[in-house]
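Here is start28.tsv, consisting of TSV, C-alpha atoms and all ligand atoms:
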chain	number	residue	atom	x	y	z
A	1	MET	CA	12.38	-9.63	-13.98
A	2	LYS	CA	12.85	-9.00	-10.26
A	3	LYS	CA	10.66	-11.28	-8.17
A	4	GLN	CA	8.85	-9.01	-5.75
A	5	LEU	CA	5.81	-9.40	-3.52
A	6	LEU	CA	4.12	-6.44	-1.86
A	7	LEU	CA	2.25	-6.93	1.43
A	8	ALA	CA	-0.92	-4.88	1.15
A	9	THR	CA	-1.24	-4.07	4.84
A	10	ASN	CA	-0.14	-1.38	7.27
A	11	ASN	CA	-0.53	-3.72	10.26
A	12	ILE	CA	3.00	-4.41	11.57
A	13	HIS	CA	1.90	-7.55	13.41
A	14	LYS	CA	0.51	-9.04	10.20
A	15	VAL	CA	3.63	-7.98	8.26
A	16	GLU	CA	5.86	-9.77	10.80
A	17	GLU	CA	3.76	-12.96	10.75
A	18	ILE	CA	3.52	-13.06	6.94
A	19	LYS	CA	7.24	-12.31	6.44
A	20	THR	CA	8.22	-15.08	8.88
A	21	ILE	CA	5.99	-17.65	7.19
A	22	LEU	CA	7.12	-16.76	3.65
A	23	CYS	CA	10.79	-16.16	4.57
A	24	ASN	CA	12.16	-19.17	2.70
A	25	LEU	CA	10.69	-18.12	-0.66
A	26	PRO	CA	13.45	-16.63	-2.86
A	27	ILE	CA	11.54	-13.41	-3.57
A	28	GLU	CA	11.84	-9.87	-2.24
A	29	ILE	CA	9.02	-9.12	0.19
A	30	LEU	CA	8.12	-5.45	0.34
A	31	THR	CA	5.78	-3.42	2.50
A	32	LEU	CA	3.96	-0.18	1.73
A	33	LYS	CA	6.35	1.47	4.19
A	34	ASP	CA	9.34	0.34	2.08
A	35	LEU	CA	7.74	2.08	-0.91
A	36	ARG	CA	6.98	5.14	1.24
A	37	LYS	CA	3.41	4.90	0.03
A	38	GLU	CA	0.31	5.66	2.02
A	39	ILE	CA	-2.60	3.91	0.38
A	40	GLU	CA	-5.79	3.62	2.39
A	41	VAL	CA	-8.24	0.99	1.18
A	42	VAL	CA	-11.78	1.29	2.51
A	43	GLU	CA	-12.76	-2.14	3.85
A	44	ASP	CA	-16.45	-1.98	3.02
A	45	GLY	CA	-16.96	-5.50	1.68
A	46	GLU	CA	-19.56	-7.77	3.23
A	47	THR	CA	-17.21	-10.76	3.40
A	48	LEU	CA	-13.58	-11.39	4.27
A	49	GLU	CA	-13.03	-12.57	0.66
A	50	GLU	CA	-14.36	-9.28	-0.77
A	51	ASN	CA	-12.18	-7.19	1.55
A	52	ALA	CA	-9.01	-9.22	0.98
A	53	LEU	CA	-9.45	-9.06	-2.79
A	54	LYS	CA	-10.29	-5.36	-2.70
A	55	LYS	CA	-7.10	-4.57	-0.74
A	56	ALA	CA	-4.87	-6.67	-3.01
A	57	ARG	CA	-6.48	-5.32	-6.21
A	58	GLU	CA	-6.23	-1.65	-5.22
A	59	ILE	CA	-2.63	-1.94	-4.04
A	60	PHE	CA	-1.64	-3.86	-7.19
A	61	THR	CA	-3.36	-1.25	-9.41
A	62	ALA	CA	-1.54	1.57	-7.60
A	63	THR	CA	1.92	-0.04	-7.60
A	64	LYS	CA	1.94	-2.69	-10.38
A	65	ILE	CA	3.76	-4.97	-7.91
A	66	PRO	CA	2.10	-8.39	-7.28
A	67	SER	CA	0.24	-7.86	-4.00
A	68	LEU	CA	-0.84	-10.03	-1.09
A	69	ALA	CA	-3.61	-8.98	1.33
A	70	ASP	CA	-5.15	-10.59	4.38
A	71	ASP	CA	-8.58	-10.07	5.90
A	72	THR	CA	-9.35	-11.82	9.14
A	73	GLY	CA	-12.42	-12.18	11.31
A	74	LEU	CA	-13.14	-13.74	14.68
A	75	GLU	CA	-16.37	-15.76	14.43
A	76	VAL	CA	-18.12	-16.59	17.70
A	77	PHE	CA	-20.65	-19.35	17.15
A	78	ALA	CA	-23.03	-18.29	19.96
A	79	LEU	CA	-23.16	-14.79	18.47
A	80	ASN	CA	-24.10	-15.95	14.95
A	81	ASN	CA	-20.45	-15.62	13.88
A	82	ALA	CA	-20.10	-12.00	15.09
A	83	PRO	CA	-17.91	-9.96	15.09
A	84	GLY	CA	-16.75	-11.65	11.83
A	85	VAL	CA	-16.02	-9.20	9.04
A	86	TYR	CA	-16.56	-6.33	11.53
A	87	SER	CA	-13.89	-7.58	13.98
A	88	ALA	CA	-11.64	-4.51	13.61
A	89	ARG	CA	-14.40	-2.04	14.50
A	90	TYR	CA	-16.51	-4.18	16.84
A	91	ALA	CA	-16.41	-1.60	19.65
A	92	GLY	CA	-16.61	1.36	17.21
A	93	GLU	CA	-14.33	3.37	14.91
A	94	ASN	CA	-10.74	4.10	16.06
A	95	VAL	CA	-10.86	1.71	19.02
A	96	THR	CA	-8.04	-0.23	20.65
A	97	TYR	CA	-7.57	-4.01	20.60
A	98	GLN	CA	-8.47	-3.94	24.29
A	99	ASP	CA	-11.75	-2.10	23.60
A	100	ASN	CA	-12.76	-4.84	21.16
A	101	CYS	CA	-11.79	-7.64	23.57
A	102	SER	CA	-13.67	-5.95	26.44
A	103	LYS	CA	-16.80	-5.55	24.33
A	104	LEU	CA	-16.70	-9.20	23.30
A	105	LEU	CA	-16.14	-10.44	26.87
A	106	ASN	CA	-19.05	-8.29	28.00
A	107	GLU	CA	-21.37	-9.60	25.25
A	108	MET	CA	-20.42	-13.14	26.30
A	109	LYS	CA	-20.58	-12.73	30.06
A	110	ASN	CA	-23.68	-14.95	30.41
A	111	ILE	CA	-22.55	-17.58	27.90
A	112	GLN	CA	-21.63	-20.90	29.49
A	113	GLU	CA	-18.33	-22.68	28.99
A	114	GLU	CA	-19.65	-25.23	26.48
A	115	ASN	CA	-21.06	-22.51	24.20
A	116	ARG	CA	-17.97	-20.31	23.97
A	117	GLY	CA	-16.66	-21.90	20.76
A	118	ALA	CA	-15.19	-19.59	18.12
A	119	GLN	CA	-12.88	-19.58	15.14
A	120	PHE	CA	-10.47	-17.20	13.49
A	121	ARG	CA	-10.91	-17.20	9.72
A	122	ALA	CA	-8.31	-15.58	7.48
A	123	VAL	CA	-8.63	-15.02	3.76
A	124	ILE	CA	-5.44	-14.24	1.86
A	125	ALA	CA	-5.74	-12.72	-1.62
A	126	PHE	CA	-2.95	-12.53	-4.19
A	127	VAL	CA	-3.36	-10.23	-7.19
A	128	ALA	CA	-0.92	-9.81	-10.09
A	129	LYS	CA	-1.28	-9.03	-13.81
A	130	ASP	CA	-4.10	-11.24	-15.17
A	131	PHE	CA	-3.89	-13.37	-12.02
A	132	GLU	CA	-6.06	-13.55	-8.87
A	133	LYS	CA	-6.29	-16.21	-6.19
A	134	THR	CA	-7.63	-16.46	-2.63
A	135	GLU	CA	-6.92	-19.03	0.07
A	136	GLU	CA	-8.60	-19.52	3.45
A	137	GLY	CA	-7.32	-20.68	6.83
A	138	ILE	CA	-9.33	-21.50	9.95
A	139	CYS	CA	-8.28	-22.00	13.58
A	140	THR	CA	-10.95	-23.18	16.02
A	141	GLY	CA	-10.95	-22.65	19.76
A	142	LYS	CA	-12.90	-20.82	22.44
A	143	ILE	CA	-13.20	-17.42	24.07
A	144	ILE	CA	-12.03	-17.40	27.70
A	145	HIS	CA	-13.41	-15.11	30.43
A	146	SER	CA	-10.53	-12.63	30.80
A	147	SER	CA	-7.37	-11.67	28.91
A	148	ARG	CA	-4.20	-13.76	29.29
A	149	GLY	CA	-0.78	-13.16	27.73
A	150	ALA	CA	1.11	-10.32	26.11
A	151	GLN	CA	2.27	-11.68	22.74
A	152	GLY	CA	0.46	-11.23	19.45
A	153	PHE	CA	-2.28	-8.68	18.87
A	154	GLY	CA	-6.01	-8.13	18.45
A	155	TYR	CA	-8.14	-10.80	20.09
A	156	ASP	CA	-5.15	-13.09	20.84
A	157	PRO	CA	-5.35	-12.69	24.68
A	158	ILE	CA	-8.92	-14.04	24.86
A	159	PHE	CA	-8.64	-16.87	22.28
A	160	LEU	CA	-7.69	-20.37	23.42
A	161	PRO	CA	-6.96	-22.56	20.39
A	162	ASP	CA	-8.34	-26.13	20.50
A	163	GLY	CA	-5.91	-28.61	22.07
A	164	PHE	CA	-3.87	-25.90	23.85
A	165	GLN	CA	-3.76	-24.66	27.45
A	166	HIS	CA	-2.40	-21.30	26.35
A	167	THR	CA	-4.07	-18.39	24.57
A	168	PHE	CA	-2.59	-17.13	21.29
A	169	ALA	CA	-1.10	-14.28	23.34
A	170	GLU	CA	0.71	-16.79	25.59
A	171	LEU	CA	2.23	-18.72	22.68
A	172	SER	CA	5.46	-17.74	20.92
A	173	SER	CA	5.06	-16.34	17.41
A	174	GLU	CA	6.52	-19.60	16.01
A	175	GLU	CA	3.92	-21.67	17.88
A	176	LYS	CA	1.07	-19.38	16.81
A	177	ASN	CA	2.16	-19.38	13.15
A	178	ILE	CA	2.07	-23.19	12.99
A	179	ILE	CA	-1.58	-23.47	14.03
A	180	SER	CA	-3.06	-20.07	13.23
A	181	HIS	CA	-5.67	-19.19	10.60
A	182	ARG	CA	-3.10	-16.95	8.85
A	183	GLY	CA	-0.44	-19.66	9.00
A	184	GLN	CA	-2.85	-22.19	7.43
A	185	ALA	CA	-3.96	-19.82	4.66
A	186	LEU	CA	-0.36	-18.81	3.90
A	187	LYS	CA	0.81	-22.41	3.73
A	188	LYS	CA	-1.68	-22.95	0.87
A	189	MET	CA	-0.87	-19.60	-0.72
A	190	LYS	CA	2.85	-20.45	-0.68
A	191	LEU	CA	2.15	-23.21	-3.24
A	192	ILE	CA	0.35	-20.69	-5.49
A	193	LEU	CA	3.23	-18.22	-5.18
A	194	GLU	CA	5.76	-20.93	-6.06
A	195	GLN	CA	3.80	-21.62	-9.25
A	196	TYR	CA	3.29	-17.94	-10.11
A	197	TYR	CA	6.94	-16.98	-9.62
A	198	GLN	CA	8.13	-20.31	-11.09
A	199	LEU	CA	10.29	-21.08	-8.05
A	201	LIG	P1	-8.31	-7.11	9.72
A	201	LIG	O1	-8.05	-8.36	8.99
A	201	LIG	O2	-7.09	-6.24	9.75
A	201	LIG	O3	-9.54	-6.39	9.24
A	201	LIG	O4	-8.51	-7.51	11.23
A	201	LIG	C1	-9.75	-7.68	11.84
A	201	LIG	C2	-9.64	-7.68	13.34
A	201	LIG	O5	-9.24	-8.96	13.76
A	201	LIG	C3	-8.67	-6.68	13.93
A	201	LIG	O6	-9.23	-6.14	15.08
A	201	LIG	C4	-7.46	-7.49	14.28
A	201	LIG	O7	-6.84	-7.02	15.39
A	201	LIG	C5	-8.08	-8.85	14.54
A	201	LIG	N1	-7.13	-9.88	14.12
A	201	LIG	C6	-6.68	-10.14	12.87
A	201	LIG	N2	-5.79	-11.16	12.90
A	201	LIG	C7	-5.71	-11.55	14.20
A	201	LIG	C8	-4.94	-12.54	14.86
A	201	LIG	O8	-4.12	-13.28	14.28
A	201	LIG	N3	-5.13	-12.62	16.19
A	201	LIG	C9	-5.99	-11.84	16.87
A	201	LIG	N4	-6.70	-10.89	16.32
A	201	LIG	C10	-6.57	-10.74	14.98

Let me see whether you can do it: turn the structure in this file into C-alpha cells.
Amino acid sequence: MKKQLLLATNNIHKVEEIKTILCNLPIEILTLKDLRKEIEVVEDGETLEENALKKAREIFTATKIPSLADDTGLEVFALNNAPGVYSARYAGENVTYQDNCSKLLNEMKNIQEENRGAQFRAVIAFVAKDFEKTEEGICTGKIIHSSRGAQGFGYDPIFLPDGFQHTFAELSSEEKNIISHRGQALKKMKLILEQYYQL
C-alpha cells in the first residue's frame, strides 16, 4: 500500500511549514491542491481540538487518504486567552492578517509591558481508518506594540517568542519551526506517524 498523508489545509504557509518539518518521513505528502479538490470545512468548534479533528475527519471521509489537520490560536493572557479559537476571524469575516494584528494591538494599547504575555497553541489531528490522534504544541512569548518583520504569516509580526529579540516574522522559517507551537506539536505527531505507517 502506498504510504500517503494528506494535509487538510488550504493555507500555503501552513503547508510549507508542515512539509518542511515532516520532510524526512518516507511517505508521500499531498495537499488538497494536488488532488484538485476543493473541500471547505466549517470551523465551528468551540476548541482548537474540536476544529482540528473536524477538519481531519471530514477530509479523510471525503478522500479516504490519512489526513492531518492543524488548528491554531493566539491566546493573550490579559484578554482571557482571546482571540484563541477565533484568531482567524478576530477582526471579522474575510479580513486580512494585518486587520487582525491591528485589532489586537488596539485592544492592547493600554496594557503595560509586564502584562503582554501570550502563547500560540497548535493542535494537530491525524485521522485514518479506525485511527485518531491529536497532539498539542505551545510557544510562549509576548505581544509587542507594533509590527516587525516580513517572514511568516498571521500574527507573526507582533509575537516575540520568549528568549528571543526577534519576532516570529523576523526569524527564518528554520528558526521558527524549531521553537514554534506547530513545530512542537508536529515533533510529537511525527512519532505517531512513524508508528502508524510502520516506518
Ligand atoms: P487557523 O488555525 O487556520 O484557524 O488559524 C487561526 C489564526 O491564527 C489565523 O489568523 C492564522 O493566521 C493565525 N495563525 C495560525 N498559525 C500561525 C502562526 O504560526 N503564526 C502566526 N499566526 C498564525

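Here atom CA of A:Gln112 and atom CA of A:Phe168 stand 21.1 Å from one another.
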
### Query
When the cut-off is 8 Å and you count all atoms listed in the file, which residues lie near ligand LIG 201 (chain A), shown as a ChimeraX atom specification?
/A:9,11,14,43,48,70-74,85-90,97,100,120,122,152-157,159,168,180-182

Please produce, as JSON lines, a per-residue contact table for stretch 57-161 of chain A versus stretch 28-33 of chain A (criterion: any atom at most 12 Å away, only C-alpha atoms considered), showing the nearest atom pair and its distance in Å to one decimal, sorted by chain then residue number.
{"residue": "A:Ile59", "atom": "CA", "partner": "A:Leu32", "partner_atom": "CA", "distance": 8.9}
{"residue": "A:Phe60", "atom": "CA", "partner": "A:Leu32", "partner_atom": "CA", "distance": 11.2}
{"residue": "A:Ala62", "atom": "CA", "partner": "A:Leu32", "partner_atom": "CA", "distance": 11.0}
{"residue": "A:Thr63", "atom": "CA", "partner": "A:Leu32", "partner_atom": "CA", "distance": 9.6}
{"residue": "A:Ile65", "atom": "CA", "partner": "A:Leu30", "partner_atom": "CA", "distance": 9.3}
{"residue": "A:Pro66", "atom": "CA", "partner": "A:Leu30", "partner_atom": "CA", "distance": 10.1}
{"residue": "A:Ser67", "atom": "CA", "partner": "A:Leu30", "partner_atom": "CA", "distance": 9.3}
{"residue": "A:Leu68", "atom": "CA", "partner": "A:Ile29", "partner_atom": "CA", "distance": 10.0}
{"residue": "A:Ala69", "atom": "CA", "partner": "A:Thr31", "partner_atom": "CA", "distance": 11.0}

Would you mind listing what lies within 9 Å of A:Pro161 as a PDB file with C-alpha atoms, in the frame of the given file, with only C-alpha atoms counted and same-chain residues fewer than 5 positions away left out?
ATOM      1  CA  GLN A 119     -12.880 -19.580  15.140  1.00  0.00           C
ATOM      2  CA  CYS A 139      -8.280 -22.000  13.580  1.00  0.00           C
ATOM      3  CA  THR A 140     -10.950 -23.180  16.020  1.00  0.00           C
ATOM      4  CA  GLY A 141     -10.950 -22.650  19.760  1.00  0.00           C
ATOM      5  CA  LYS A 142     -12.900 -20.820  22.440  1.00  0.00           C
ATOM      6  CA  ILE A 143     -13.200 -17.420  24.070  1.00  0.00           C
ATOM      7  CA  HIS A 166      -2.400 -21.300  26.350  1.00  0.00           C
ATOM      8  CA  THR A 167      -4.070 -18.390  24.570  1.00  0.00           C
ATOM      9  CA  PHE A 168      -2.590 -17.130  21.290  1.00  0.00           C
ATOM     10  CA  ILE A 179      -1.580 -23.470  14.030  1.00  0.00           C
ATOM     11  CA  SER A 180      -3.060 -20.070  13.230  1.00  0.00           C
TER      12      SER A 180
END

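Here atom CA of A:Arg116 and atom CA of A:Leu171 stand 20.3 Å from one another.
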
#### Entry: For atom CA of A:Thr20 and atom CA of A:Ala128, the interatomic separation in Å (one decimal)
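So the answer is 21.7 Å.
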
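Closest approach to A:Ile138 among A:Gln165, A:Gln198, A:Gln184, A:Thr47: A:Gln184, based on all atoms listed in the file.
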
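Using only C-alpha atoms, the smallest distance between any of A:Leu191, A:Ile21, A:Ala78, A:Ala169 and A:Gln151 comes from A:Ala169.
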
Neighbour list for A:Glu58 as a compact mmCIF listing (two decimals) with C-alpha atoms, in the frame of the given file, cut-off 10 Å, only C-alpha atoms, skip fewer than 6 positions in-chain:
# COMPACT_ATOMS: atom_id res chain seq x y z
CA ALA A 8 -0.92 -4.88 1.15
CA ILE A 39 -2.60 3.91 0.38
CA GLU A 40 -5.79 3.62 2.39
CA VAL A 41 -8.24 0.99 1.18
CA VAL A 42 -11.78 1.29 2.51
CA LYS A 64 1.94 -2.69 -10.38
CA SER A 67 0.24 -7.86 -4.00
CA VAL A 127 -3.36 -10.23 -7.19

### Proximity to A:Glu175 - best of A:Phe77, A:Glu17, A:Leu53, A:Lys190, only C-alpha atoms
A:Glu17

### Query
So, counting only C-alpha atoms, which residue among A:Glu174, A:Leu7, A:Leu160, A:Lys129 is closest to A:Leu35?
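The answer is A:Leu7, which sits nearest to A:Leu35.
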
Output stretch 16-41 of chain A as a tab-separated table (two decimals), in the frame of the given file, making sure N, CA, C and O atoms are there.
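Contents of the output file part31.tsv:
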chain	number	residue	atom	x	y	z
A	16	GLU	N	4.87	-8.89	10.16
A	16	GLU	CA	5.86	-9.77	10.80
A	16	GLU	C	5.48	-11.23	10.62
A	16	GLU	O	6.31	-12.07	10.26
A	17	GLU	N	4.19	-11.55	10.87
A	17	GLU	CA	3.76	-12.96	10.75
A	17	GLU	C	3.92	-13.45	9.30
A	17	GLU	O	4.44	-14.54	9.06
A	18	ILE	N	3.48	-12.63	8.36
A	18	ILE	CA	3.52	-13.06	6.94
A	18	ILE	C	4.97	-13.21	6.48
A	18	ILE	O	5.33	-14.19	5.83
A	19	LYS	N	5.82	-12.24	6.85
A	19	LYS	CA	7.24	-12.31	6.44
A	19	LYS	C	7.90	-13.57	7.00
A	19	LYS	O	8.67	-14.24	6.33
A	20	THR	N	7.62	-13.89	8.27
A	20	THR	CA	8.22	-15.08	8.88
A	20	THR	C	7.79	-16.34	8.14
A	20	THR	O	8.61	-17.21	7.84
A	21	ILE	N	6.50	-16.42	7.82
A	21	ILE	CA	5.99	-17.65	7.19
A	21	ILE	C	6.50	-17.80	5.75
A	21	ILE	O	6.76	-18.90	5.29
A	22	LEU	N	6.68	-16.68	5.06
A	22	LEU	CA	7.12	-16.76	3.65
A	22	LEU	C	8.63	-16.58	3.48
A	22	LEU	O	9.13	-16.49	2.36
A	23	CYS	N	9.37	-16.57	4.63
A	23	CYS	CA	10.79	-16.16	4.57
A	23	CYS	C	11.65	-17.05	3.68
A	23	CYS	O	12.66	-16.60	3.16
A	24	ASN	N	11.27	-18.33	3.52
A	24	ASN	CA	12.16	-19.17	2.70
A	24	ASN	C	11.83	-19.14	1.20
A	24	ASN	O	12.43	-19.89	0.43
A	25	LEU	N	10.92	-18.28	0.78
A	25	LEU	CA	10.69	-18.12	-0.66
A	25	LEU	C	11.75	-17.15	-1.21
A	25	LEU	O	11.96	-16.09	-0.62
A	26	PRO	N	12.40	-17.50	-2.33
A	26	PRO	CA	13.45	-16.63	-2.86
A	26	PRO	C	12.88	-15.44	-3.64
A	26	PRO	O	13.11	-15.28	-4.84
A	27	ILE	N	12.08	-14.63	-2.94
A	27	ILE	CA	11.54	-13.41	-3.57
A	27	ILE	C	11.72	-12.26	-2.58
A	27	ILE	O	11.85	-12.49	-1.38
A	28	GLU	N	11.70	-11.05	-3.11
A	28	GLU	CA	11.84	-9.87	-2.24
A	28	GLU	C	10.46	-9.48	-1.72
A	28	GLU	O	9.54	-9.23	-2.52
A	29	ILE	N	10.32	-9.48	-0.39
A	29	ILE	CA	9.02	-9.12	0.19
A	29	ILE	C	9.05	-7.67	0.65
A	29	ILE	O	9.87	-7.27	1.47
A	30	LEU	N	8.15	-6.88	0.07
A	30	LEU	CA	8.12	-5.45	0.34
A	30	LEU	C	6.87	-5.07	1.12
A	30	LEU	O	5.85	-5.77	1.05
A	31	THR	N	6.97	-3.95	1.83
A	31	THR	CA	5.78	-3.42	2.50
A	31	THR	C	5.49	-2.04	1.91
A	31	THR	O	6.34	-1.44	1.23
A	32	LEU	N	4.32	-1.52	2.22
A	32	LEU	CA	3.96	-0.18	1.73
A	32	LEU	C	4.93	0.85	2.31
A	32	LEU	O	5.27	1.85	1.66
A	33	LYS	N	5.40	0.57	3.54
A	33	LYS	CA	6.35	1.47	4.19
A	33	LYS	C	7.65	1.53	3.38
A	33	LYS	O	8.23	2.61	3.19
A	34	ASP	N	8.11	0.37	2.90
A	34	ASP	CA	9.34	0.34	2.08
A	34	ASP	C	9.19	1.24	0.86
A	34	ASP	O	10.15	1.85	0.40
A	35	LEU	N	7.98	1.28	0.31
A	35	LEU	CA	7.74	2.08	-0.91
A	35	LEU	C	7.44	3.54	-0.57
A	35	LEU	O	7.20	4.35	-1.44
A	36	ARG	N	7.38	3.81	0.74
A	36	ARG	CA	6.98	5.14	1.24
A	36	ARG	C	5.63	5.56	0.64
A	36	ARG	O	5.45	6.70	0.20
A	37	LYS	N	4.73	4.60	0.60
A	37	LYS	CA	3.41	4.90	0.03
A	37	LYS	C	2.35	4.79	1.11
A	37	LYS	O	2.38	3.88	1.93
A	38	GLU	N	1.45	5.74	1.11
A	38	GLU	CA	0.31	5.66	2.02
A	38	GLU	C	-0.92	5.42	1.17
A	38	GLU	O	-1.37	6.32	0.45
A	39	ILE	N	-1.40	4.20	1.16
A	39	ILE	CA	-2.60	3.91	0.38
A	39	ILE	C	-3.64	3.36	1.35
A	39	ILE	O	-3.41	2.35	2.00
A	40	GLU	N	-4.73	4.07	1.50
A	40	GLU	CA	-5.79	3.62	2.39
A	40	GLU	C	-6.87	2.93	1.57
A	40	GLU	O	-7.40	3.50	0.62
A	41	VAL	N	-7.16	1.69	1.88
A	41	VAL	CA	-8.24	0.99	1.18
A	41	VAL	C	-9.43	0.91	2.13
A	41	VAL	O	-9.27	0.51	3.29
